[in-house]
file final.txt (compact mmCIF, C-alpha atoms)
# COMPACT_ATOMS: atom_id res chain seq x y z
CA MET A 1 146.25 105.06 113.69
CA TYR A 2 148.43 103.53 111.03
CA THR A 3 151.47 101.40 111.80
CA GLN A 4 154.13 100.08 109.47
CA VAL A 5 154.32 96.63 110.97
CA MET A 6 151.88 94.10 112.30
CA GLN A 7 152.90 91.70 114.97
CA ASN A 8 152.11 88.01 114.91
CA LEU A 9 151.98 87.47 111.17
CA GLN A 10 153.83 84.42 109.91
CA SER A 11 156.88 85.01 107.75
CA VAL A 12 155.12 83.58 104.68
CA THR A 13 152.31 86.09 105.12
CA LYS A 14 154.79 88.93 105.47
CA GLY A 15 156.41 87.66 102.29
CA ILE A 16 153.09 87.82 100.44
CA LEU A 17 152.55 91.39 101.65
CA SER A 18 156.10 92.32 100.55
CA ARG A 19 155.21 90.98 97.12
CA VAL A 20 152.15 93.26 97.07
CA GLU A 21 154.34 96.25 97.94
CA GLU A 22 156.84 95.26 95.28
CA ILE A 23 154.36 94.69 92.46
CA THR A 24 152.27 97.81 93.19
CA GLY A 25 155.16 100.10 94.13
CA LYS A 26 153.35 101.23 97.29
CA SER A 27 153.75 100.28 100.91
CA ILE A 28 151.14 98.74 103.20
CA GLN A 29 150.10 100.43 106.43
CA PHE A 30 148.21 98.55 109.09
CA MET A 31 145.26 99.85 111.06
CA ARG A 32 143.54 98.18 113.97
CA ASP A 33 139.73 98.43 113.66
CA ASP A 34 137.76 96.90 116.50
CA ASN A 35 134.49 97.39 114.62
CA LEU A 36 135.45 95.64 111.40
CA ALA A 37 132.77 93.15 110.30
CA VAL A 38 135.38 90.72 108.97
CA LEU A 39 138.83 89.82 110.29
CA SER A 40 140.75 91.86 107.74
CA THR A 41 140.38 94.01 104.63
CA LEU A 42 142.97 95.36 102.24
CA GLN A 43 142.16 98.70 100.67
CA MET A 44 144.30 99.44 97.65
CA ALA A 45 146.08 102.78 97.37
CA ARG A 46 144.23 104.66 94.66
CA HIS A 47 143.50 108.18 93.51
CA GLY A 48 146.78 109.55 94.86
CA ALA A 49 146.85 107.65 98.15
CA GLU A 50 150.41 106.92 99.17
CA PHE A 51 149.90 103.50 100.71
CA HIS A 52 147.55 100.54 100.88
CA VAL A 53 145.64 100.10 104.12
CA LEU A 54 145.27 96.70 105.75
CA ARG A 55 142.60 96.93 108.43
CA TYR A 56 142.35 94.14 110.92
CA ARG A 57 140.12 93.26 113.81
CA PRO A 58 141.97 91.92 116.86
CA SER A 59 141.28 88.22 117.20
CA ASN A 60 142.48 85.27 119.22
CA ASP A 61 142.74 83.33 115.97
CA PRO A 62 145.60 84.06 113.57
CA ILE A 63 144.46 86.10 110.58
CA ASP A 64 147.26 85.07 108.21
CA TYR A 65 144.97 83.22 105.82
CA PHE A 66 142.54 86.11 105.52
CA VAL A 67 145.40 88.56 104.95
CA ALA A 68 146.94 86.30 102.29
CA PHE A 69 143.53 85.89 100.65
CA GLN A 70 143.00 89.66 100.45
CA ALA A 71 146.51 90.15 99.12
CA GLY A 72 145.79 87.58 96.42
CA PHE A 73 143.19 89.86 94.83
CA VAL A 74 145.72 92.70 94.56
CA LEU A 75 148.40 90.42 93.19
CA ARG A 76 146.09 88.96 90.54
CA LEU A 77 145.00 92.43 89.43
CA PHE A 78 148.56 93.70 89.15
CA GLU A 79 149.80 90.56 87.43
CA CYS A 80 147.60 91.65 84.52
CA ASP A 81 148.93 93.98 81.88
CA PRO A 82 147.77 97.55 82.80
CA SER A 83 145.47 97.58 79.77
CA ASN A 84 143.82 94.43 81.08
CA ARG A 85 142.96 95.67 84.58
CA PHE A 86 139.30 96.36 85.25
CA ASP A 87 136.97 97.40 88.02
CA PHE A 88 133.63 95.66 88.44
CA PHE A 89 130.64 98.00 88.55
CA PRO A 90 127.21 96.67 89.53
CA ASP A 91 124.37 97.98 87.38
CA SER A 92 121.99 100.20 89.35
CA ASP A 93 119.02 98.23 87.94
CA ALA A 94 120.23 94.82 89.12
CA GLY A 95 117.65 94.88 91.89
CA LYS A 96 114.88 95.08 89.27
CA GLN A 97 116.21 91.88 87.70
CA VAL A 98 116.03 90.17 91.06
CA GLU A 99 112.47 91.42 91.52
CA VAL A 100 111.51 89.63 88.29
CA LEU A 101 113.03 86.40 89.58
CA LEU A 102 111.26 86.73 92.90
CA LYS A 103 107.87 87.33 91.32
CA ALA A 104 108.19 84.41 88.91
CA GLY A 105 106.26 81.33 89.91
CA GLN A 106 104.78 82.58 93.16
CA ALA A 107 101.92 84.82 94.17
CA LEU A 108 103.07 87.42 96.67
CA GLY A 109 100.82 88.99 99.28
CA ALA A 110 100.70 92.67 100.12
CA THR A 111 103.33 92.43 102.86
CA ASP A 112 105.77 90.57 100.62
CA LEU A 113 105.18 93.02 97.75
CA GLU A 114 105.94 95.90 100.07
CA ALA A 115 109.20 94.26 101.17
CA LEU A 116 110.11 93.23 97.63
CA PRO A 117 112.16 96.23 96.36
CA ALA A 118 114.43 96.47 99.40
CA PHE A 119 114.84 92.69 99.56
CA ALA A 120 115.64 92.52 95.84
CA ASP A 121 118.22 95.32 96.09
CA ARG A 122 119.92 93.57 98.99
CA VAL A 123 119.98 90.24 97.19
CA ALA A 124 121.31 91.85 93.99
CA GLN A 125 124.09 93.54 95.91
CA TRP A 126 125.01 90.25 97.58
CA ALA A 127 124.78 88.24 94.34
CA LEU A 128 127.04 90.62 92.43
CA MET A 129 129.59 90.85 95.19
CA THR A 130 129.63 87.05 95.30
CA LEU A 131 129.92 86.78 91.52
CA ARG A 132 132.87 89.15 91.55
CA SER A 133 134.70 87.60 94.49
CA LEU A 134 134.00 83.85 94.59
CA PRO A 135 135.44 82.51 91.33
CA ILE A 136 138.56 84.66 91.64
CA GLY A 137 138.74 83.89 95.35
CA MET A 138 138.76 80.20 94.47
CA ARG A 139 141.79 80.84 92.21
CA ILE A 140 143.46 82.50 95.20
CA ASP A 141 142.58 79.58 97.45
CA GLN A 142 144.09 77.22 94.92
CA TRP A 143 147.26 79.33 94.90
CA ILE A 144 147.50 79.47 98.69
CA ALA A 145 146.96 75.71 98.93
CA ALA A 146 149.62 75.00 96.34
CA ASP A 147 152.28 77.54 97.33
CA TYR A 148 151.84 78.04 101.08
CA PRO A 149 151.44 74.72 102.90
CA GLU A 150 152.33 76.61 106.10
CA LEU A 151 148.90 78.24 105.89
CA ARG A 152 146.98 75.05 105.18
CA GLU A 153 145.42 74.61 108.61
CA LEU A 154 144.40 78.28 108.80
CA GLN A 155 143.06 78.10 105.26
CA HIS A 156 140.90 75.10 106.06
CA HIS A 157 139.55 76.83 109.13
CA GLY A 158 138.93 80.04 107.14
CA ILE A 159 137.12 78.21 104.35
CA ALA A 160 134.98 76.39 106.92
CA VAL A 161 134.04 79.76 108.41
CA GLN A 162 133.04 81.01 104.97
CA GLN A 163 131.03 77.86 104.27
CA GLN A 164 129.17 78.46 107.51
CA GLN A 165 128.43 82.02 106.34
CA SER A 166 127.07 80.63 103.06
CA MET A 167 124.46 78.78 105.08
CA ASP A 168 123.01 82.08 106.27
CA VAL A 169 122.21 82.93 102.65
CA LEU A 170 120.42 79.62 102.07
CA ALA A 171 118.22 80.32 105.09
CA PHE A 172 117.76 84.06 104.52
CA ARG A 173 114.16 85.10 103.95
CA VAL A 174 111.71 87.84 104.57
CA GLY A 175 108.14 86.55 104.59
CA LYS A 176 107.85 84.36 101.49
CA LEU A 177 110.87 86.00 99.86
CA THR A 178 114.02 83.88 99.65
CA VAL A 179 117.17 84.23 97.56
CA PRO A 180 116.33 82.91 94.05
CA THR A 181 117.90 79.51 93.38
CA THR A 182 119.57 80.65 90.17
CA LEU A 183 121.71 83.04 92.22
CA LEU A 184 122.79 80.35 94.67
CA GLY A 185 124.75 78.22 92.21
CA THR A 186 127.85 80.28 93.01
CA LEU A 187 127.73 79.12 96.62
CA ALA A 188 127.16 75.53 95.55
CA ALA A 189 130.22 75.73 93.29
CA TYR A 190 132.26 77.11 96.17
CA ALA A 191 131.10 74.27 98.44
CA LEU A 192 132.06 71.67 95.83
CA PHE A 193 135.41 73.40 95.37
CA ALA A 194 136.00 73.46 99.14
CA ASP A 195 135.22 69.76 99.42
CA ARG A 196 137.66 69.04 96.60
CA LEU A 197 140.42 71.28 97.93
CA MET A 198 140.19 70.19 101.54
CA GLY A 199 139.33 66.55 101.00
CA SER A 200 136.16 67.13 103.01
CA LYS A 201 132.95 65.68 101.73
CA THR A 202 130.15 67.44 103.50
CA PHE A 203 130.05 71.12 102.49
CA ALA A 204 128.01 70.26 99.39
CA ILE A 205 125.33 68.33 101.30
CA PRO A 206 123.07 71.34 102.04
CA PHE A 207 123.26 72.39 98.40
CA GLU A 208 122.37 68.95 97.16
CA ALA A 209 119.37 68.98 99.51
CA SER A 210 118.37 72.32 98.00
CA GLY A 211 118.57 71.06 94.42
CA LEU A 212 121.53 73.31 93.64
CA LEU A 213 124.24 70.76 93.01
CA GLY A 214 123.78 70.62 89.23
CA HIS A 215 124.23 74.37 88.86
CA GLY A 216 127.22 74.29 91.18
CA GLU A 217 128.82 71.51 89.16
CA GLU A 218 128.27 73.48 85.96
CA LEU A 219 130.00 76.54 87.43
CA LEU A 220 132.87 74.43 88.73
CA ARG A 221 133.31 72.90 85.26
CA ILE A 222 133.56 76.44 83.85
CA TRP A 223 136.05 77.35 86.59
CA ASP A 224 138.19 74.35 85.64
CA ALA A 225 137.96 75.03 81.90
CA VAL A 226 138.80 78.76 81.83
CA PRO A 227 142.57 79.30 81.86
CA HIS A 228 143.74 80.11 85.37
CA ARG A 229 145.81 83.16 84.36
CA PRO A 230 144.82 86.43 86.08
CA SER A 231 144.22 87.96 82.64
CA GLN A 232 141.26 85.56 82.30
CA ASP A 233 139.59 86.56 85.57
CA CYS A 234 137.06 88.88 83.92
CA ALA A 235 136.20 86.18 81.37
CA LEU A 236 135.70 83.71 84.22
CA VAL A 237 133.32 86.06 86.00
CA ASP A 238 131.47 86.71 82.72
CA GLN A 239 131.01 82.99 82.10
CA TRP A 240 129.71 82.42 85.62
CA ALA A 241 127.33 85.35 85.11
CA ALA A 242 126.06 83.88 81.85
CA ALA A 243 125.48 80.49 83.49
CA SER A 244 123.63 82.17 86.37
CA GLY A 245 121.42 84.54 84.37
CA MET A 246 123.33 87.61 85.53
CA SER A 247 124.86 88.84 82.27
CA GLY A 248 124.25 92.56 81.90
CA TRP A 249 123.87 93.12 85.65
CA TYR A 250 127.29 94.79 85.81
CA SER A 251 130.02 96.27 83.67
CA TRP A 252 133.82 96.26 83.58
CA VAL A 253 135.46 99.67 83.69
CA PRO A 254 139.19 100.25 83.03
CA TYR A 255 141.06 100.36 86.32
CA GLN A 256 142.18 103.82 87.38
CA PRO A 257 145.16 103.73 89.76
CA MET B 1 142.66 74.47 115.41
CA SER B 2 139.89 71.93 116.03
CA LYS B 3 136.98 71.40 113.70
CA GLN B 4 133.94 73.36 114.77
CA PRO B 5 130.31 72.20 114.65
CA PHE B 6 128.65 73.14 111.36
CA SER B 7 125.00 74.10 111.37
CA PHE B 8 122.44 75.34 108.93
CA LYS B 9 118.76 75.98 108.49
CA LEU B 10 116.69 75.49 105.35
CA PRO B 11 113.16 76.74 104.76
CA LEU B 12 110.99 73.67 104.06
CA SER B 13 110.26 75.00 100.59
CA ARG B 14 113.99 74.96 99.76
CA PHE B 15 114.29 71.18 100.17
CA ASP B 16 114.36 69.16 96.95
CA VAL B 17 111.51 66.71 97.50
CA GLY B 18 112.81 64.65 94.57
CA LEU B 19 115.35 63.27 97.03
CA LEU B 20 112.59 61.75 99.17
CA PRO B 21 110.45 58.61 98.72
CA GLY B 22 107.27 59.16 96.72
CA ASP B 23 105.00 58.99 99.75
CA ALA B 24 107.02 61.63 101.66
CA ARG B 25 106.86 64.56 99.26
CA GLN B 26 103.97 66.43 100.83
CA ILE B 27 105.90 69.34 102.33
CA GLY B 28 105.20 69.70 106.04
CA SER B 29 103.59 66.27 106.49
CA ASP B 30 104.86 63.98 109.25
CA ARG B 31 106.15 61.56 106.62
CA PHE B 32 108.04 64.44 104.96
CA LYS B 33 109.60 65.50 108.25
CA ASP B 34 110.70 61.98 109.11
CA ALA B 35 112.14 61.45 105.63
CA VAL B 36 114.07 64.74 105.75
CA ILE B 37 115.60 63.77 109.08
CA ALA B 38 116.51 60.33 107.73
CA HIS B 39 117.99 61.94 104.58
CA PHE B 40 120.40 64.22 106.40
CA VAL B 41 121.37 61.66 109.04
CA ALA B 42 122.18 59.17 106.27
CA GLN B 43 124.06 61.75 104.18
CA TYR B 44 126.37 62.72 107.01
CA ALA B 45 126.72 59.17 108.30
CA GLY B 46 127.79 58.15 104.79
CA LYS B 47 130.65 60.64 105.08
CA GLY B 48 131.63 59.48 108.55
CA GLU B 49 130.00 62.35 110.45
CA SER B 50 127.00 62.54 112.73
CA ALA B 51 124.23 65.08 112.53
CA LEU B 52 121.38 66.24 114.69
CA VAL B 53 118.36 67.17 112.59
CA THR B 54 115.08 68.79 113.52
CA VAL B 55 112.16 69.72 111.29
CA ASP B 56 109.33 71.97 112.41
CA ASP B 57 106.49 73.47 110.38
CA ASP B 58 108.74 76.18 109.06
CA GLU B 59 112.29 75.03 108.59
CA ILE B 60 114.89 72.28 108.81
CA THR B 61 117.77 72.64 111.26
CA VAL B 62 120.90 70.55 110.90
CA LEU B 63 123.83 70.50 113.31
CA THR B 64 126.83 68.40 112.38
CA LEU B 65 129.19 67.40 115.12
CA PRO B 66 132.96 67.42 115.44
CA GLU B 67 134.54 64.06 114.71
CA GLY B 68 134.22 61.61 117.55
CA GLN B 69 131.45 63.48 119.36
CA ALA B 70 128.27 61.49 119.84
CA PRO B 71 125.02 63.43 119.28
CA PHE B 72 123.67 62.54 122.72
CA ASP B 73 126.85 63.74 124.44
CA PHE B 74 126.62 67.01 122.54
CA VAL B 75 123.02 67.55 123.62
CA MET B 76 123.98 66.73 127.20
CA THR B 77 126.42 69.65 127.13
CA MET B 78 123.49 71.87 126.16
CA LEU B 79 121.43 70.57 129.07
CA GLN B 80 124.29 70.90 131.53
CA SER B 81 124.69 74.54 130.56
CA GLY B 82 120.96 75.20 130.98
CA ARG B 83 120.14 75.48 127.25
CA PHE B 84 116.94 73.43 127.61
CA GLN B 85 114.96 75.18 124.87
CA GLU B 86 117.78 74.63 122.41
CA ALA B 87 118.20 70.98 123.37
CA ILE B 88 114.55 69.92 123.16
CA PRO B 89 114.16 69.79 119.34
CA TYR B 90 117.27 67.64 119.08
CA LEU B 91 116.08 65.29 121.82
CA GLU B 92 112.67 65.07 120.13
CA SER B 93 114.41 64.18 116.89
CA MET B 94 116.52 61.57 118.64
CA THR B 95 113.53 59.99 120.34
CA LYS B 96 111.81 59.71 116.96
CA ALA B 97 114.84 57.91 115.60
CA GLU B 98 115.13 55.72 118.72
CA PRO B 99 111.75 55.53 120.48
CA GLY B 100 113.09 53.03 123.00
CA ASN B 101 116.05 55.10 124.17
CA VAL B 102 115.31 55.65 127.86
CA ASP B 103 118.17 58.11 128.41
CA VAL B 104 116.82 60.37 125.69
CA LEU B 105 113.25 60.18 127.02
CA TYR B 106 114.42 60.86 130.57
CA ASN B 107 116.47 63.92 129.63
CA LEU B 108 113.72 65.19 127.35
CA GLY B 109 111.26 64.91 130.23
CA LEU B 110 113.60 66.78 132.56
CA ALA B 111 114.16 69.53 129.97
CA TYR B 112 110.40 70.06 129.57
CA SER B 113 110.03 70.08 133.34
CA GLU B 114 112.74 72.74 133.71
CA LEU B 115 110.88 74.90 131.19
CA GLY B 116 107.59 74.45 133.04
CA GLN B 117 106.01 72.38 130.27
CA LEU B 118 104.91 69.83 132.82
CA ASP B 119 102.37 67.84 130.80
CA GLU B 120 104.99 67.25 128.13
CA ALA B 121 107.49 66.30 130.82
CA ILE B 122 105.21 63.73 132.44
CA ILE B 123 104.37 62.08 129.11
CA ARG B 124 108.08 61.50 128.33
CA LEU B 125 108.98 60.40 131.84
CA LYS B 126 106.07 57.95 132.03
CA ARG B 127 107.21 56.47 128.73
CA ALA B 128 110.69 56.13 130.22
CA VAL B 129 109.46 54.19 133.26
CA GLN B 130 107.27 52.00 131.06
CA LEU B 131 110.45 50.97 129.26
CA ALA B 132 112.60 50.88 132.39
CA PRO B 133 110.44 50.37 135.50
CA MET B 134 113.47 50.51 137.80
CA HIS B 135 114.61 53.94 136.52
CA SER B 136 114.52 55.68 139.90
CA ARG B 137 115.44 59.13 138.53
CA ALA B 138 112.62 59.03 135.96
CA TRP B 139 110.10 58.18 138.70
CA THR B 140 111.47 61.09 140.73
CA GLY B 141 111.14 63.35 137.69
CA ILE B 142 107.45 62.43 137.42
CA GLY B 143 106.92 63.19 141.10
CA VAL B 144 108.72 66.52 140.83
CA ALA B 145 106.67 67.49 137.78
CA TYR B 146 103.41 66.75 139.64
CA ARG B 147 104.65 68.79 142.60
CA ARG B 148 105.46 71.67 140.28
CA MET B 149 101.92 71.35 138.90
CA GLY B 150 100.59 71.81 142.42
CA LYS B 151 99.34 68.18 142.60
CA PRO B 152 101.18 66.72 145.60
CA GLU B 153 98.71 63.86 145.94
CA GLN B 154 99.70 62.65 142.45
CA ALA B 155 103.38 63.14 143.22
CA LEU B 156 103.38 60.69 146.12
CA ALA B 157 103.08 57.38 144.24
CA PRO B 158 105.88 58.04 141.71
CA LEU B 159 108.21 59.27 144.45
CA GLU B 160 107.52 56.10 146.44
CA GLN B 161 108.25 54.11 143.29
CA ALA B 162 111.52 56.01 142.93
CA VAL B 163 112.66 55.08 146.42
CA ALA B 164 111.51 51.49 145.97
CA ALA B 165 113.44 51.24 142.70
CA ASP B 166 116.64 52.55 144.29
CA PRO B 167 116.58 53.05 148.07
CA THR B 168 120.15 54.38 147.94
CA ASP B 169 119.34 57.30 145.62
CA GLY B 170 119.37 60.45 147.71
CA TYR B 171 117.59 62.46 145.04
CA GLY B 172 114.44 60.34 145.23
CA ARG B 173 114.55 60.10 149.03
CA ARG B 174 115.02 63.84 149.41
CA ASN B 175 112.03 64.65 147.20
CA LEU B 176 109.82 62.05 148.89
CA GLY B 177 110.86 63.39 152.30
CA ALA B 178 110.09 66.94 151.30
CA LEU B 179 106.65 65.92 150.09
CA LEU B 180 105.82 64.01 153.27
CA MET B 181 106.93 66.92 155.45
CA LYS B 182 104.30 69.19 153.92
call {"tool": "encode", "arguments": {"input": "final.txt", "output": "structure tokens"}}
result
Amino acid sequence: MYTQVMQNLQSVTKGILSRVEEITGKSIQFMRDDNLAVLSTLQMARHGAEFHVLRYRPSNDPIDYFVAFQAGFVLRLFECDPSNRFDFFPDSDAGKQVEVLLKAGQALGATDLEALPAFADRVAQWALMTLRSLPIGMRIDQWIAADYPELRELQHHGIAVQQQQSMDVLAFRVGKLTVPTTLLGTLAAYALFADRLMGSKTFAIPFEASGLLGHGEELLRIWDAVPHRPSQDCALVDQWAAASGMSGWYSWVPYQP
Amino acid sequence: MSKQPFSFKLPLSRFDVGLLPGDARQIGSDRFKDAVIAHFVAQYAGKGESALVTVDDDEITVLTLPEGQAPFDFVMTMLQSGRFQEAIPYLESMTKAEPGNVDVLYNLGLAYSELGQLDEAIIRLKRAVQLAPMHSRAWTGIGVAYRRMGKPEQALAPLEQAVAADPTDGYGRRNLGALLMK
């Protein structure tokens, strides 16, 4: 059931959502979803839909940061000129590229070979979603940190939760199959960014231990060097893809409202 | 919103052996395991945090603790809530780092005893009383472990030692009394 208001959001968060409504010309409706895997999602109104839908899972912890973070993606897209708005489409063969990486440098037994295609597809899906969301998400985190000090504590907690989730990827394996190191630089860059943003010093330690710090530092240098304007978001993703061996694994398609 | 513990696991093969001394780069060797533990403990200590690290034949587990929480206190909360299996690898790691820590040996022995791994329990508890001969509770732990093994005749001497070490300790007296009543 949709509602027009959501209780317990801070005024700054409501202000961010008002900005989304203003810039997109469509209202936001809220929907409680007890089965949501994450605390909140924001589905943009498209293909004739009359309103955006913000789904949220009831939680004892405030979800303001996660709502603001989701809203940031919409705001960055709509701050671009309409001719410069794009959707990210994963290539259907990306899993094959991951298979090549997984076979390189190690002999796989029959069980691993049997598991390989499904594992590679899953990793490709994760890697592309991460490529699309992390560098732009870091821009949004920078914006929240700079413009909304009221959310700082929730942001730090939210980033720590996401860093903990990154650890699951480092450990993920099926038999001898693990996520190829070249695809993990994105997470290392995010850890370095989180340490820098929050003044913490320890999120990068697991990545250093895994030999991923150099790649992470390279991606963070790119992130710093590419202009921070929303119109450069696709270029930022492309440069991260090139530095991670993922060019050609996806395409940009003009955004259709 | 307080800082939460942060934990992660790494497959052994994921660890960059270039970070370890030359004689510790054989993945899975005892020297490798010890060096990995020392690496993470030092890394977090260098940033003002403490970490509990375990390494088995398969993976590395690291648990960093909220500021101000001592590793041993954190493990004690596991034991007090009955999470013996979870606590044992951390206690093993701590006893490697501090072989002379009687409190760690004692609690490790009790955890093994609770899980029915009685040989392991007795080894740790005997080491504890070697280091601290007046540790009444450790003597009692040895006696209880022998009783659980079905060896009451071997339980008698350690329980007598327990009462001799601290005649006021009801735990030792109660267990000795129960054994003598049989």
call {"tool": "interface_residues", "arguments": {"input": "final.txt", "of": "chain A", "to": "chain B", "cutoff": "9 Å", "atoms": "all atoms listed in the file", "output": "PyMOL selection string"}}
result
chain A and resi 61+153-154+157+160+163-164+167-168+170-173+178+181+200-202+205-206+208-212
call {"tool": "axis_aligned_box", "arguments": {"input": "final.txt", "around": "segment 20-25 of chain A", "padding_each_side": "8 Å", "output": "lines of an AutoDock Vina configuration file"}}
result
center_x = 154.5
center_y = 96.7
center_z = 95.2
size_x = 20.7
size_y = 22.8
size_z = 21.5
call {"tool": "atom_distance", "arguments": {"input": "final.txt", "atom1": "atom CA of Phe69 of chain A", "atom2": "atom CA of Met129 of chain A"}}
result
15.8 Å
call {"tool": "closest_residue", "arguments": {"input": "final.txt", "among": "A:Ala225, A:Leu39, A:Val174, A:Ser166", "to": "Leu187 of chain A", "atoms": "only C-alpha atoms"}}
result
A:Ser166
call {"tool": "residues_near_point", "arguments": {"input": "final.txt", "point": "(111.4, 54.4, 138.9)", "cutoff": "9 Å", "atoms": "all atoms listed in the file", "output": "JSON list (two decimals) with C-alpha atoms, keeping the file's coordinate frame"}}
result
[["chain", "number", "residue", "atom", "x", "y", "z"],
["B", 128, "ALA", "CA", 110.69, 56.13, 130.22],
["B", 129, "VAL", "CA", 109.46, 54.19, 133.26],
["B", 132, "ALA", "CA", 112.60, 50.88, 132.39],
["B", 133, "PRO", "CA", 110.44, 50.37, 135.50],
["B", 134, "MET", "CA", 113.47, 50.51, 137.80],
["B", 135, "HIS", "CA", 114.61, 53.94, 136.52],
["B", 136, "SER", "CA", 114.52, 55.68, 139.90],
["B", 137, "ARG", "CA", 115.44, 59.13, 138.53],
["B", 138, "ALA", "CA", 112.62, 59.03, 135.96],
["B", 139, "TRP", "CA", 110.10, 58.18, 138.70],
["B", 140, "THR", "CA", 111.47, 61.09, 140.73],
["B", 158, "PRO", "CA", 105.88, 58.04, 141.71],
["B", 159, "LEU", "CA", 108.21, 59.27, 144.45],
["B", 160, "GLU", "CA", 107.52, 56.10, 146.44],
["B", 161, "GLN", "CA", 108.25, 54.11, 143.29],
["B", 162, "ALA", "CA", 111.52, 56.01, 142.93],
["B", 163, "VAL", "CA", 112.66, 55.08, 146.42],
["B", 164, "ALA", "CA", 111.51, 51.49, 145.97],
["B", 165, "ALA", "CA", 113.44, 51.24, 142.70],
["B", 166, "ASP", "CA", 116.64, 52.55, 144.29]]
call {"tool": "atom_distance", "arguments": {"input": "final.txt", "atom1": "atom CA of Ile144 of chain A", "atom2": "atom CA of Asn60 of chain A"}}
result
21.9 Å
call {"tool": "atom_distance", "arguments": {"input": "final.txt", "atom1": "atom CA of Ala37 of chain A", "atom2": "atom CA of Lys176 of chain A"}}
result
27.9 Å
call {"tool": "closest_residue", "arguments": {"input": "final.txt", "among": "A:Leu134, A:Ala189, A:Val237, A:Pro82", "to": "Phe207 of chain A", "atoms": "all atoms listed in the file"}}
result
A:Ala189
call {"tool": "residues_around", "arguments": {"input": "final.txt", "residues": "Glu150 of chain A", "least_positions_apart": "5", "cutoff": "10 Å", "atoms": "all atoms listed in the file", "output": "number ranges by chain"}}
result
A: 10-13, 65, 144-145, 155
call {"tool": "write_last_selection", "arguments": {"input": "final.txt", "atoms": "C-alpha atoms", "output": "PDB file, keeping the file's coordinate frame"}}
result
ATOM      1  CA  GLN A  10     153.830  84.420 109.910  1.00  0.00           C
ATOM      2  CA  SER A  11     156.880  85.010 107.750  1.00  0.00           C
ATOM      3  CA  VAL A  12     155.120  83.580 104.680  1.00  0.00           C
ATOM      4  CA  THR A  13     152.310  86.090 105.120  1.00  0.00           C
ATOM      5  CA  TYR A  65     144.970  83.220 105.820  1.00  0.00           C
ATOM      6  CA  ILE A 144     147.500  79.470  98.690  1.00  0.00           C
ATOM      7  CA  ALA A 145     146.960  75.710  98.930  1.00  0.00           C
ATOM      8  CA  GLN A 155     143.060  78.100 105.260  1.00  0.00           C
TER       9      GLN A 155
END
call {"tool": "residues_near_point", "arguments": {"input": "final.txt", "point": "(139.0, 96.6, 103.6)", "cutoff": "7 Å", "atoms": "all atoms listed in the file", "output": "ChimeraX atom specification"}}
result
/A:40-43,54-55
call {"tool": "write_last_selection", "arguments": {"input": "final.txt", "atoms": "C-alpha atoms", "output": "mmCIF file, in the frame of the given file"}}
result
data_model
loop_
_atom_site.group_PDB
_atom_site.id
_atom_site.type_symbol
_atom_site.label_atom_id
_atom_site.label_comp_id
_atom_site.auth_asym_id
_atom_site.auth_seq_id
_atom_site.Cartn_x
_atom_site.Cartn_y
_atom_site.Cartn_z
ATOM 1 C CA SER A 40 140.750 91.860 107.740
ATOM 2 C CA THR A 41 140.380 94.010 104.630
ATOM 3 C CA LEU A 42 142.970 95.360 102.240
ATOM 4 C CA GLN A 43 142.160 98.700 100.670
ATOM 5 C CA LEU A 54 145.270 96.700 105.750
ATOM 6 C CA ARG A 55 142.600 96.930 108.430
#
call {"tool": "build_atoms", "arguments": {"input": "final.txt", "residues": "segment 111-120 of chain A", "atoms": "N, CA and C atoms", "output": "CSV table (one decimal), in the frame of the given file"}}
result
chain,number,residue,atom,x,y,z
A,111,THR,N,102.1,92.2,102.0
A,111,THR,CA,103.3,92.4,102.9
A,111,THR,C,104.6,92.1,102.1
A,112,ASP,N,104.6,91.0,101.4
A,112,ASP,CA,105.8,90.6,100.6
A,112,ASP,C,106.0,91.6,99.5
A,113,LEU,N,105.0,92.1,98.8
A,113,LEU,CA,105.2,93.0,97.8
A,113,LEU,C,105.8,94.3,98.3
A,114,GLU,N,105.4,94.7,99.5
A,114,GLU,CA,105.9,95.9,100.1
A,114,GLU,C,107.4,95.7,100.4
A,115,ALA,N,107.8,94.5,100.8
A,115,ALA,CA,109.2,94.3,101.2
A,115,ALA,C,110.1,94.0,99.9
A,116,LEU,N,109.4,93.7,98.8
A,116,LEU,CA,110.1,93.2,97.6
A,116,LEU,C,111.3,94.1,97.2
A,117,PRO,N,111.1,95.4,96.9
A,117,PRO,CA,112.2,96.2,96.4
A,117,PRO,C,113.4,96.2,97.2
A,118,ALA,N,113.2,96.4,98.5
A,118,ALA,CA,114.4,96.5,99.4
A,118,ALA,C,115.1,95.1,99.5
A,119,PHE,N,114.3,94.0,99.5
A,119,PHE,CA,114.8,92.7,99.6
A,119,PHE,C,115.6,92.4,98.3
A,120,ALA,N,115.0,92.8,97.1
A,120,ALA,CA,115.6,92.5,95.8
A,120,ALA,C,117.0,93.3,95.7
